[in-house]
Every structure is written in structure tokens, then in C-alpha cells.
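Heads up, my_file.pdb below (PDB, C-alpha atoms):
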```pdb
ATOM      1  CA  MET A 111     -34.478   1.069  -9.498
ATOM      2  CA  THR A 112     -31.780   2.063 -12.017
ATOM      3  CA  PHE A 113     -28.482   3.208 -10.504
ATOM      4  CA  SER A 114     -27.754   6.792 -11.520
ATOM      5  CA  LYS A 115     -24.078   7.606 -12.129
ATOM      6  CA  LEU A 116     -22.966  11.070 -11.079
ATOM      7  CA  THR A 117     -19.762  10.418 -13.015
ATOM      8  CA  GLU A 118     -21.856  10.307 -16.220
ATOM      9  CA  ALA A 119     -23.831  13.465 -15.479
ATOM     10  CA  PRO A 120     -23.535  16.315 -18.012
ATOM     11  CA  SER A 121     -20.653  18.724 -17.541
ATOM     12  CA  TYR A 122     -21.375  22.110 -16.010
ATOM     13  CA  TYR A 123     -19.640  23.604 -19.065
ATOM     14  CA  ASN A 124     -20.739  23.544 -22.680
ATOM     15  CA  ASP A 125     -19.506  24.486 -26.147
ATOM     16  CA  LEU A 126     -15.974  23.494 -25.134
ATOM     17  CA  GLU A 127     -14.765  23.464 -28.741
ATOM     18  CA  LYS A 128     -15.600  27.183 -29.014
ATOM     19  CA  LYS A 129     -13.462  28.244 -26.059
ATOM     20  CA  ASP A 130      -9.887  29.511 -26.224
ATOM     21  CA  THR A 131      -7.035  27.741 -24.439
ATOM     22  CA  ALA A 132      -6.893  30.097 -21.460
ATOM     23  CA  THR A 133     -10.601  29.663 -20.743
ATOM     24  CA  ILE A 134     -10.408  25.858 -20.949
ATOM     25  CA  LEU A 135      -7.445  25.765 -18.587
ATOM     26  CA  LYS A 136      -9.156  28.095 -16.117
ATOM     27  CA  GLU A 137     -12.327  26.005 -16.095
ATOM     28  CA  ILE A 138     -10.496  22.686 -15.705
ATOM     29  CA  ASN A 139      -8.537  24.188 -12.839
ATOM     30  CA  GLN A 140     -11.758  25.370 -11.205
ATOM     31  CA  GLU A 141     -13.084  21.815 -11.323
ATOM     32  CA  ASP A 142      -9.808  20.302 -10.100
ATOM     33  CA  GLN A 143      -9.986  22.433  -6.962
ATOM     34  CA  LYS A 144     -13.022  20.418  -5.918
ATOM     35  CA  VAL A 145     -10.999  17.193  -5.749
ATOM     36  CA  ALA A 146      -9.078  17.938  -2.554
ATOM     37  CA  TYR A 147     -12.315  18.780  -0.756
ATOM     38  CA  ALA A 148     -13.906  15.546  -1.952
ATOM     39  CA  VAL A 149     -10.938  13.597  -0.600
ATOM     40  CA  GLN A 150     -11.109  15.562   2.650
ATOM     41  CA  ARG A 151     -14.686  14.388   3.178
ATOM     42  CA  ALA A 152     -13.493  10.793   2.746
ATOM     43  CA  LEU A 153     -10.716  11.017   5.384
ATOM     44  CA  PRO A 154     -12.628   9.078   8.092
ATOM     45  CA  SER A 155     -13.007   6.095   5.756
ATOM     46  CA  ILE A 156      -9.360   6.302   4.638
ATOM     47  CA  ASN A 157      -8.279   6.429   8.281
ATOM     48  CA  ASP A 158     -10.423   3.388   9.090
ATOM     49  CA  LEU A 159      -8.934   1.407   6.218
ATOM     50  CA  ILE A 160      -5.323   2.205   7.105
ATOM     51  CA  ASN A 161      -5.839   1.277  10.750
ATOM     52  CA  GLN A 162      -7.285  -2.081   9.699
ATOM     53  CA  ILE A 163      -4.453  -2.768   7.245
ATOM     54  CA  ILE A 164      -1.583  -2.073   9.679
ATOM     55  CA  PRO A 165      -1.955  -5.230  11.815
ATOM     56  CA  LEU A 166      -2.355  -7.312   8.654
ATOM     57  CA  ILE A 167       0.899  -5.975   7.176
ATOM     58  CA  ARG A 168       2.668  -6.771  10.435
ATOM     59  CA  GLN A 169       1.556 -10.369   9.980
ATOM     60  CA  GLY A 170       2.985 -10.461   6.457
ATOM     61  CA  GLY A 171      -0.092  -9.254   4.563
ATOM     62  CA  ARG A 172      -0.047  -7.547   1.180
ATOM     63  CA  ILE A 173      -2.142  -4.831  -0.483
ATOM     64  CA  PHE A 174      -3.694  -5.500  -3.893
ATOM     65  CA  TYR A 175      -5.016  -2.655  -6.056
ATOM     66  CA  VAL A 176      -7.581  -3.841  -8.631
ATOM     67  CA  GLY A 177      -8.854  -1.647 -11.455
ATOM     68  CA  ALA A 178      -9.581  -1.292 -15.155
ATOM     69  CA  GLY A 179      -8.405   1.380 -17.571
ATOM     70  CA  THR A 180      -7.302   4.594 -15.866
ATOM     71  CA  SER A 181      -8.083   3.179 -12.417
ATOM     72  CA  GLY A 182      -5.962   0.100 -13.062
ATOM     73  CA  ARG A 183      -3.046   2.181 -14.309
ATOM     74  CA  ILE A 184      -3.198   4.458 -11.264
ATOM     75  CA  GLY A 185      -3.064   1.399  -9.015
ATOM     76  CA  ILE A 186      -0.067  -0.020 -10.847
ATOM     77  CA  LEU A 187       1.671   3.368 -10.716
ATOM     78  CA  ASP A 188       1.324   3.632  -6.951
ATOM     79  CA  ALA A 189       2.309   0.007  -6.340
ATOM     80  CA  SER A 190       5.392   0.281  -8.543
ATOM     81  CA  GLU A 191       6.700   3.354  -6.726
ATOM     82  CA  ILE A 192       6.674   1.870  -3.220
ATOM     83  CA  PRO A 193       9.740  -0.443  -3.443
ATOM     84  CA  PRO A 194      12.242   2.210  -4.627
ATOM     85  CA  THR A 195      10.797   4.933  -2.406
ATOM     86  CA  PHE A 196      10.619   2.953   0.815
ATOM     87  CA  GLY A 197      12.923  -0.018   0.181
ATOM     88  CA  THR A 198      10.159  -2.608   0.538
ATOM     89  CA  ASP A 199       9.591  -6.035  -0.971
ATOM     90  CA  PRO A 200       8.119  -5.592  -4.488
ATOM     91  CA  ASN A 201       5.266  -7.899  -3.487
ATOM     92  CA  LEU A 202       3.995  -5.732  -0.627
ATOM     93  CA  PHE A 203       1.863  -3.600  -2.986
ATOM     94  CA  ILE A 204       0.594  -5.290  -6.145
ATOM     95  CA  GLY A 205      -1.412  -3.664  -8.940
ATOM     96  CA  ILE A 206      -3.811  -5.754 -11.024
ATOM     97  CA  ILE A 207      -5.378  -4.323 -14.178
ATOM     98  CA  ALA A 208      -8.124  -5.734 -16.401
ATOM     99  CA  GLY A 209      -6.541  -6.938 -19.625
ATOM    100  CA  GLY A 210      -3.172  -7.656 -18.038
ATOM    101  CA  GLN A 211       0.211  -6.165 -18.873
ATOM    102  CA  LYS A 212      -0.890  -4.990 -22.331
ATOM    103  CA  ALA A 213      -3.588  -2.785 -20.778
ATOM    104  CA  ILE A 214      -1.010  -0.647 -18.991
ATOM    105  CA  SER A 215      -0.127   1.171 -22.202
ATOM    106  CA  GLN A 216      -3.175   0.642 -24.401
ATOM    107  CA  ALA A 217      -6.877  -0.049 -24.152
ATOM    108  CA  VAL A 218      -7.933  -3.703 -24.198
ATOM    109  CA  GLU A 219     -11.490  -4.003 -25.514
ATOM    110  CA  TYR A 220     -14.082  -5.340 -23.078
ATOM    111  CA  ALA A 221     -11.450  -6.313 -20.506
ATOM    112  CA  GLU A 222     -13.319  -4.398 -17.814
ATOM    113  CA  ASP A 223     -16.423  -6.516 -18.445
ATOM    114  CA  GLU A 224     -14.712  -9.824 -17.695
ATOM    115  CA  LEU A 225     -15.729 -11.781 -14.624
ATOM    116  CA  ASN A 226     -13.549 -14.229 -12.676
ATOM    117  CA  THR A 227     -10.261 -13.124 -14.262
ATOM    118  CA  GLY A 228      -9.421 -10.662 -11.476
ATOM    119  CA  TRP A 229     -10.152 -13.200  -8.755
ATOM    120  CA  ASN A 230      -8.195 -15.873 -10.628
ATOM    121  CA  GLU A 231      -5.193 -13.571 -10.734
ATOM    122  CA  LEU A 232      -5.465 -12.965  -6.989
ATOM    123  CA  CYS A 233      -5.567 -16.725  -6.481
ATOM    124  CA  ASN A 234      -2.339 -17.016  -8.491
ATOM    125  CA  TYR A 235      -0.789 -14.845  -5.776
ATOM    126  CA  GLN A 236      -2.210 -17.244  -3.155
ATOM    127  CA  ILE A 237      -4.243 -14.464  -1.590
ATOM    128  CA  ASN A 238      -5.169 -15.075   2.041
ATOM    129  CA  SER A 239      -6.840 -13.509   5.089
ATOM    130  CA  LYS A 240      -3.769 -11.388   5.870
ATOM    131  CA  ASP A 241      -4.114  -9.520   2.581
ATOM    132  CA  THR A 242      -6.194  -6.489   1.590
ATOM    133  CA  VAL A 243      -7.939  -5.884  -1.748
ATOM    134  CA  ILE A 244      -8.698  -2.286  -2.764
ATOM    135  CA  GLY A 245     -10.904  -1.883  -5.828
ATOM    136  CA  LEU A 246     -10.711   1.309  -7.883
ATOM    137  CA  SER A 247     -13.712   2.215 -10.028
ATOM    138  CA  ALA A 248     -14.873   5.767 -10.646
ATOM    139  CA  SER A 249     -18.305   4.533 -11.699
ATOM    140  CA  GLY A 250     -18.480   1.905  -8.964
ATOM    141  CA  THR A 251     -19.958  -0.516 -11.483
ATOM    142  CA  THR A 252     -16.949  -1.952 -13.367
ATOM    143  CA  PRO A 253     -17.704  -5.716 -13.579
ATOM    144  CA  PHE A 254     -14.025  -6.771 -13.408
ATOM    145  CA  VAL A 255     -13.531  -4.846 -10.168
ATOM    146  CA  VAL A 256     -16.908  -5.500  -8.544
ATOM    147  CA  ASP A 257     -16.681  -9.255  -9.189
ATOM    148  CA  THR A 258     -13.147  -9.442  -7.798
ATOM    149  CA  LEU A 259     -14.109  -7.559  -4.650
ATOM    150  CA  LYS A 260     -17.245  -9.644  -4.222
ATOM    151  CA  LYS A 261     -15.274 -12.899  -4.243
ATOM    152  CA  ALA A 262     -12.599 -11.492  -1.936
ATOM    153  CA  HIS A 263     -15.247 -10.168   0.448
ATOM    154  CA  GLU A 264     -17.033 -13.526   0.526
ATOM    155  CA  THR A 265     -13.727 -15.223   1.324
ATOM    156  CA  GLY A 266     -13.256 -13.056   4.413
ATOM    157  CA  ILE A 267     -10.500 -10.859   3.008
ATOM    158  CA  LEU A 268     -10.424  -7.170   3.972
ATOM    159  CA  THR A 269     -11.916  -5.242   1.051
ATOM    160  CA  ALA A 270     -12.227  -1.552   0.269
ATOM    161  CA  CYS A 271     -13.250   0.497  -2.729
ATOM    162  CA  ILE A 272     -12.532   3.978  -4.081
ATOM    163  CA  THR A 273     -15.394   5.353  -6.172
ATOM    164  CA  SER A 274     -16.795   8.692  -7.283
ATOM    165  CA  ASN A 275     -20.451   7.627  -7.160
ATOM    166  CA  PRO A 276     -22.424   7.506  -3.911
ATOM    167  CA  ASP A 277     -24.003   4.179  -2.943
ATOM    168  CA  ALA A 278     -22.558   2.413  -5.968
ATOM    169  CA  PRO A 279     -22.774  -1.381  -6.447
ATOM    170  CA  ILE A 280     -19.089  -1.686  -5.575
ATOM    171  CA  SER A 281     -19.893  -0.404  -2.066
ATOM    172  CA  GLN A 282     -22.098  -3.441  -1.451
ATOM    173  CA  VAL A 283     -19.124  -5.807  -1.803
ATOM    174  CA  SER A 284     -16.609  -3.747   0.186
ATOM    175  CA  LYS A 285     -16.096  -3.636   3.924
ATOM    176  CA  ILE A 286     -14.882  -0.036   3.684
ATOM    177  CA  THR A 287     -16.146   2.438   1.109
ATOM    178  CA  ILE A 288     -14.116   5.515   0.179
ATOM    179  CA  GLU A 289     -16.344   7.870  -1.792
ATOM    180  CA  THR A 290     -14.676  10.830  -3.478
ATOM    181  CA  ILE A 291     -17.687  12.670  -4.848
ATOM    182  CA  VAL A 292     -16.097  15.110  -7.288
ATOM    183  CA  GLY A 293     -19.221  15.723  -9.392
ATOM    184  CA  PRO A 294     -19.587  15.722 -13.185
ATOM    185  CA  GLU A 295     -16.384  15.793 -15.206
ATOM    186  CA  TYR A 296     -15.356  18.814 -17.290
ATOM    187  CA  ILE A 297     -15.656  16.633 -20.392
ATOM    188  CA  THR A 298     -18.827  14.646 -19.715
ATOM    189  CA  GLY A 299     -18.026  11.127 -18.555
ATOM    190  CA  SER A 300     -14.231  11.509 -18.767
ATOM    191  CA  SER A 301     -13.461  10.053 -15.354
ATOM    192  CA  ARG A 302      -9.726  10.067 -16.098
ATOM    193  CA  MET A 303      -9.944  13.710 -15.009
ATOM    194  CA  LYS A 304     -11.249  14.579 -11.513
ATOM    195  CA  SER A 305     -12.116  11.022 -10.515
ATOM    196  CA  GLY A 306      -8.669   9.770 -11.562
ATOM    197  CA  THR A 307      -6.979  12.595  -9.675
ATOM    198  CA  ALA A 308      -8.978  11.734  -6.556
ATOM    199  CA  GLN A 309      -7.957   8.072  -6.819
ATOM    200  CA  LYS A 310      -4.285   9.031  -7.089
ATOM    201  CA  MET A 311      -4.563  11.317  -4.062
ATOM    202  CA  VAL A 312      -6.205   8.606  -1.971
ATOM    203  CA  LEU A 313      -3.622   5.967  -2.932
ATOM    204  CA  ASN A 314      -0.840   8.440  -2.111
ATOM    205  CA  MET A 315      -2.379   8.793   1.346
ATOM    206  CA  ILE A 316      -2.864   5.067   1.892
ATOM    207  CA  SER A 317       0.581   3.885   0.805
ATOM    208  CA  SER A 318       2.548   6.804   2.266
ATOM    209  CA  THR A 319       0.776   6.670   5.622
ATOM    210  CA  LEU A 320       1.228   2.908   5.844
ATOM    211  CA  MET A 321       4.940   3.238   5.132
ATOM    212  CA  ILE A 322       5.316   5.970   7.751
ATOM    213  CA  ARG A 323       3.440   3.876  10.313
ATOM    214  CA  MET A 324       5.583   0.845   9.437
ATOM    215  CA  GLY A 325       8.796   2.718  10.193
ATOM    216  CA  ARG A 326      10.003   3.296   6.636
ATOM    217  CA  VAL A 327      10.348   7.059   7.223
ATOM    218  CA  GLU A 328      12.368   8.817   9.925
ATOM    219  CA  GLY A 329      11.708  12.455  10.727
ATOM    220  CA  ASN A 330      10.451  13.368   7.285
ATOM    221  CA  LYS A 331      13.035  11.459   5.261
ATOM    222  CA  MET A 332      12.948   8.348   3.066
ATOM    223  CA  VAL A 333      15.828   6.647   4.838
ATOM    224  CA  HIS A 334      15.092   3.249   3.250
ATOM    225  CA  MET A 335      14.937   4.450  -0.376
ATOM    226  CA  LYS A 336      16.868   2.510  -2.987
ATOM    227  CA  LEU A 337      19.652   4.505  -4.622
ATOM    228  CA  THR A 338      18.801   3.728  -8.221
ATOM    229  CA  ASN A 339      19.883   6.968  -9.902
ATOM    230  CA  HIS A 340      22.086  10.033  -9.418
ATOM    231  CA  LYS A 341      19.214  12.150  -8.073
ATOM    232  CA  LEU A 342      18.459   9.671  -5.288
ATOM    233  CA  GLN A 343      22.158   9.184  -4.579
ATOM    234  CA  GLN A 344      22.543  12.943  -4.091
ATOM    235  CA  ARG A 345      19.407  13.076  -1.939
ATOM    236  CA  ALA A 346      20.882  10.382   0.303
ATOM    237  CA  ILE A 347      24.198  12.233   0.535
ATOM    238  CA  ASN A 348      22.349  15.393   1.560
ATOM    239  CA  MET A 349      20.452  13.464   4.252
ATOM    240  CA  LEU A 350      23.642  12.112   5.790
ATOM    241  CA  THR A 351      25.518  15.392   5.677
ATOM    242  CA  GLU A 352      22.587  17.028   7.487
ATOM    243  CA  LEU A 353      21.886  14.278  10.021
ATOM    244  CA  LEU A 354      25.468  13.276  10.843
ATOM    245  CA  ASP A 355      27.284  16.546  10.201
ATOM    246  CA  ILE A 356      29.778  14.916   7.852
ATOM    247  CA  SER A 357      31.239  15.904   4.499
ATOM    248  CA  PRO A 358      29.495  14.974   1.233
ATOM    249  CA  LYS A 359      32.577  12.954   0.293
ATOM    250  CA  LEU A 360      32.378  10.837   3.444
ATOM    251  CA  ALA A 361      28.611  10.459   3.056
ATOM    252  CA  ASN A 362      29.110   9.146  -0.475
ATOM    253  CA  GLU A 363      31.765   6.664   0.691
ATOM    254  CA  LEU A 364      29.473   5.380   3.446
ATOM    255  CA  LEU A 365      26.592   4.939   1.041
ATOM    256  CA  LYS A 366      28.758   2.999  -1.408
ATOM    257  CA  LYS A 367      29.699   0.652   1.422
ATOM    258  CA  HIS A 368      26.378   0.306   3.256
ATOM    259  CA  LYS A 369      23.817   0.933   0.432
ATOM    260  CA  THR A 370      21.089   2.800   2.381
ATOM    261  CA  VAL A 371      20.773   5.865   4.577
ATOM    262  CA  LYS A 372      19.104   3.750   7.257
ATOM    263  CA  THR A 373      22.031   1.333   7.501
ATOM    264  CA  VAL A 374      24.499   4.179   7.932
ATOM    265  CA  LEU A 375      22.317   5.819  10.581
ATOM    266  CA  LYS A 376      21.976   2.548  12.495
ATOM    267  CA  LEU A 377      25.739   2.099  12.567
ATOM    268  CA  TYR A 378      26.219   5.654  13.766
ATOM    269  CA  HIS A 379      23.601   5.405  16.476
ATOM    270  CA  HIS A 380      25.051   2.163  17.802
ATOM    271  CA  GLY A 381      28.169   3.520  19.409
ATOM    272  CA  ASN A 382      30.121   5.330  16.725
ATOM    273  CA  SER A 383      31.154   8.782  17.832
ATOM    274  CA  PRO A 384      31.890  11.802  15.651
ATOM    275  CA  SER A 385      35.584  11.164  16.104
ATOM    276  CA  ASP A 386      35.432   7.740  14.461
ATOM    277  CA  LYS A 387      32.877   8.342  11.735
ATOM    278  CA  GLU A 388      35.357   7.292   9.076
ATOM    279  CA  THR A 389      35.596   3.800  10.618
ATOM    280  CA  PHE A 390      31.925   2.845   9.954
TER     281      PHE A 390
END
```

What is this structure when it is put down as C-alpha cells?
Amino acid sequence: MTFSKLTEAPSYYNDLEKKDTATILKEINQEDQKVAYAVQRALPSINDLINQIIPLIRQGGRIFYVGAGTSGRIGILDASEIPPTFGTDPNLFIGIIAGGQKAISQAVEYAEDELNTGWNELCNYQINSKDTVIGLSASGTTPFVVDTLKKAHETGILTACITSNPDAPISQVSKITIETIVGPEYITGSSRMKSGTAQKMVLNMISSTLMIRMGRVEGNKMVHMKLTNHKLQQRAINMLTELLDISPKLANELLKKHKTVKTVLKLYHHGNSPSDKETF
């Protein structure tokens, strides 16, 4: 029986080229509102995946995102934002895209059809049973992703997939399937739209929740963030002035000396009193 792709189904809208800008925007927005509900329906699977990843991370495991085209770029985007946001090792989250580095900024012809290359790249990272591989494929049929997950799954590695098609081939090679069924795209087949948005939302949930559960957030603040620009420096100063009731000037001096909000807070909570804050 031929697999039918919902992501390739005809759009509910037609004659797009005849519509004015306001109408197009309104209709795209109407479709986008369906994405959050699709992700909501997938929450049990996302919860299951996160709970299985946590003990692996505590043993030194890593998370690999594998995708092609838009899906690959979304994975790389999420992986690249974790180290500065949460102060983690850059190798905790790793994004792998079909076609390699070049494919991040431009299309690489037929890269998504290649077999073995994704698995070979994972092997270059010495992937092991502590790691997790999450495949991203809106269609659920991308050969590069399906083949990589299949080999990882057969090796006993925790595998999961994020797809916008129900019962897709990718689900057969994944321990956990996250289906975000967003329906036909506004522009028929353009899965960079709703399907891509759903993937980004799910990865936000996975990485952010894991970092919270791993102690990289306190209260609601990114206390481990790396201070790599003026905006983040000011955010850190604001955190310390609020949490320690100190002046912005002193907060800035402490950050220059100790580098992170978390380090300053640890010093304060280990015996320093308000009267000797300036002796951190």
C-alpha cells in the first residue's frame, strides 16, 4: 500500500496569486494557529522522550538532531543556542544536516536522499548507548533521516522522531514518535511553514525542559548563561540587583570577576552576608 503524505495534500486555499497582502497574511495566520494545538496533542510523547533522556544526560549522554533542509537547519539552530543560553558544553546538543556545513545556508542537491552518511557522521562522534538521536522529517520519509535513525535504533540507541505525517516510515525506526499533525500547508507541500514551526516548538520544549530539569535554570532565570554581548551582560546585572539587592555597579563588578550569575549566587549563599557583599 502506498504511503499517503498529509504534508503533500492540496492547500485549503486556492488562487493565492490573486489575493491581496492582507488576505494572504490573515489566511497564513489562521493556519499557523493550528500548530500549537498539534503540538499540544503530542505532549505525552514529548514528555516520555524527555523523561527517558534525563538519566542518559546524567551519565554523560548527548542529544543529536538529524535532519535535511529546513528540518536540519532547525535542529542546528536549537543546538547552537543551548551553550550560550545555559552555559553547557557545546557537544551536549549536536545538529547534523544532510549535505554538511554548506547545507546550512543553501540547498545541496539530493543530499536528503543519501544513505549511510548520517550514520557515518554519528560514528565520527563515537555515538554510544548513552546518547539520543532525534530525527526531524516533516514527511517522515526523508532517506537521510530514516536511514540514520534505523541504524541508531538497531544499535540500541534511544531514538525519536518529529514528523507531520501519521504512521510515517520514520515512526517504524523510532522508539518514540512525536507526531505534529498540522494538516496541509498554505502553499501546497511547503513544509517549511506549519511543519517547520511545529518542529521548532517541539525542540524548544525538549531542550528547555531538559535544561530546567538539569539545574541550568533557577526560579525562572538563566543563571548559567554566557555573557557574550552587552544585552546579556545587562540581563545578568538586572538578575543580581534583583536577587541580591545590590547596586548595578556592584553587580557589574562581581560579574567581571566571577563570569556568571550562578557563580556569584553560590558565593553569596555560602556565608556572605549583605554587609560584606563587596568582599565576594

Residues returned when the PyMOL selection byres ((chain A and resi 335-339) around 8) runs on this file, as a CSV table (one decimal) with C-alpha atoms, in the frame of the given file:
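Written out: out.csv:
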```csv
chain,number,residue,atom,x,y,z
A,193,PRO,CA,9.7,-0.4,-3.4
A,194,PRO,CA,12.2,2.2,-4.6
A,195,THR,CA,10.8,4.9,-2.4
A,196,PHE,CA,10.6,3.0,0.8
A,197,GLY,CA,12.9,0.0,0.2
A,332,MET,CA,12.9,8.3,3.1
A,333,VAL,CA,15.8,6.6,4.8
A,334,HIS,CA,15.1,3.2,3.2
A,340,HIS,CA,22.1,10.0,-9.4
A,341,LYS,CA,19.2,12.2,-8.1
A,342,LEU,CA,18.5,9.7,-5.3
A,343,GLN,CA,22.2,9.2,-4.6
A,346,ALA,CA,20.9,10.4,0.3
A,369,LYS,CA,23.8,0.9,0.4
A,370,THR,CA,21.1,2.8,2.4
A,371,VAL,CA,20.8,5.9,4.6
```

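From atom CA of Thr180 of chain A back to atom CA of Gln236 of chain A, the distance works out to 25.8 Å.
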
Just the number, please: distance in Å from atom CA of Asp142 of chain A to atom CA of Gly209 of chain A, one decimal.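 Result for atom CA of Asp142 of chain A versus atom CA of Gly209 of chain A: 29.0 Å, one decimal.
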
On this structure, which residues satisfy the PyMOL selection byres ((chain A and resi 250) around 6), written as JSON, numbers by chain? {"A": [247, 248, 249, 251, 273, 278, 279, 280]}

Using Å and a single decimal, report how far atom CA of Leu159 of chain A sits from atom CA of Thr307 of chain A. 19.5 Å

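Nearest-residue note for Gln309 of chain A: choosing from A:Thr269, A:Ser274, A:Phe174, A:Glu264, the minimum distance belongs to A:Ser274, counting all atoms listed in the file.
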
List the residues selected by the PyMOL selection byres ((chain A and resi 224-233) around 9) in the file shown, writing them as a PyMOL selection string. chain A and resi 174+176+206-209+220-223+234-238+253-259+261-262

With only C-alpha atoms as the counted atoms, please give the residues lying no more than 6 Å from segment 285-299 of chain A, apart from itself and same-chain residues fewer than 4 positions off, as JSON, numbers by chain. {"A": [117, 118, 119, 120, 121, 145, 148, 149, 152, 155, 269, 270, 271, 272, 273, 274, 281]}

Output C-alpha atoms of each residue in that selection to a file, as a CSV table (one decimal), in the frame of the given file.
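So selection.csv came out as:
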```
chain,number,residue,atom,x,y,z
A,117,THR,CA,-19.8,10.4,-13.0
A,118,GLU,CA,-21.9,10.3,-16.2
A,119,ALA,CA,-23.8,13.5,-15.5
A,120,PRO,CA,-23.5,16.3,-18.0
A,121,SER,CA,-20.7,18.7,-17.5
A,145,VAL,CA,-11.0,17.2,-5.7
A,148,ALA,CA,-13.9,15.5,-2.0
A,149,VAL,CA,-10.9,13.6,-0.6
A,152,ALA,CA,-13.5,10.8,2.7
A,155,SER,CA,-13.0,6.1,5.8
A,269,THR,CA,-11.9,-5.2,1.1
A,270,ALA,CA,-12.2,-1.6,0.3
A,271,CYS,CA,-13.2,0.5,-2.7
A,272,ILE,CA,-12.5,4.0,-4.1
A,273,THR,CA,-15.4,5.4,-6.2
A,274,SER,CA,-16.8,8.7,-7.3
A,281,SER,CA,-19.9,-0.4,-2.1
```

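The closest residue to Ser317 of chain A, picked from A:Ile134, A:Val218, A:Leu377, A:Ile192 and counting all atoms listed in the file, is A:Ile192.
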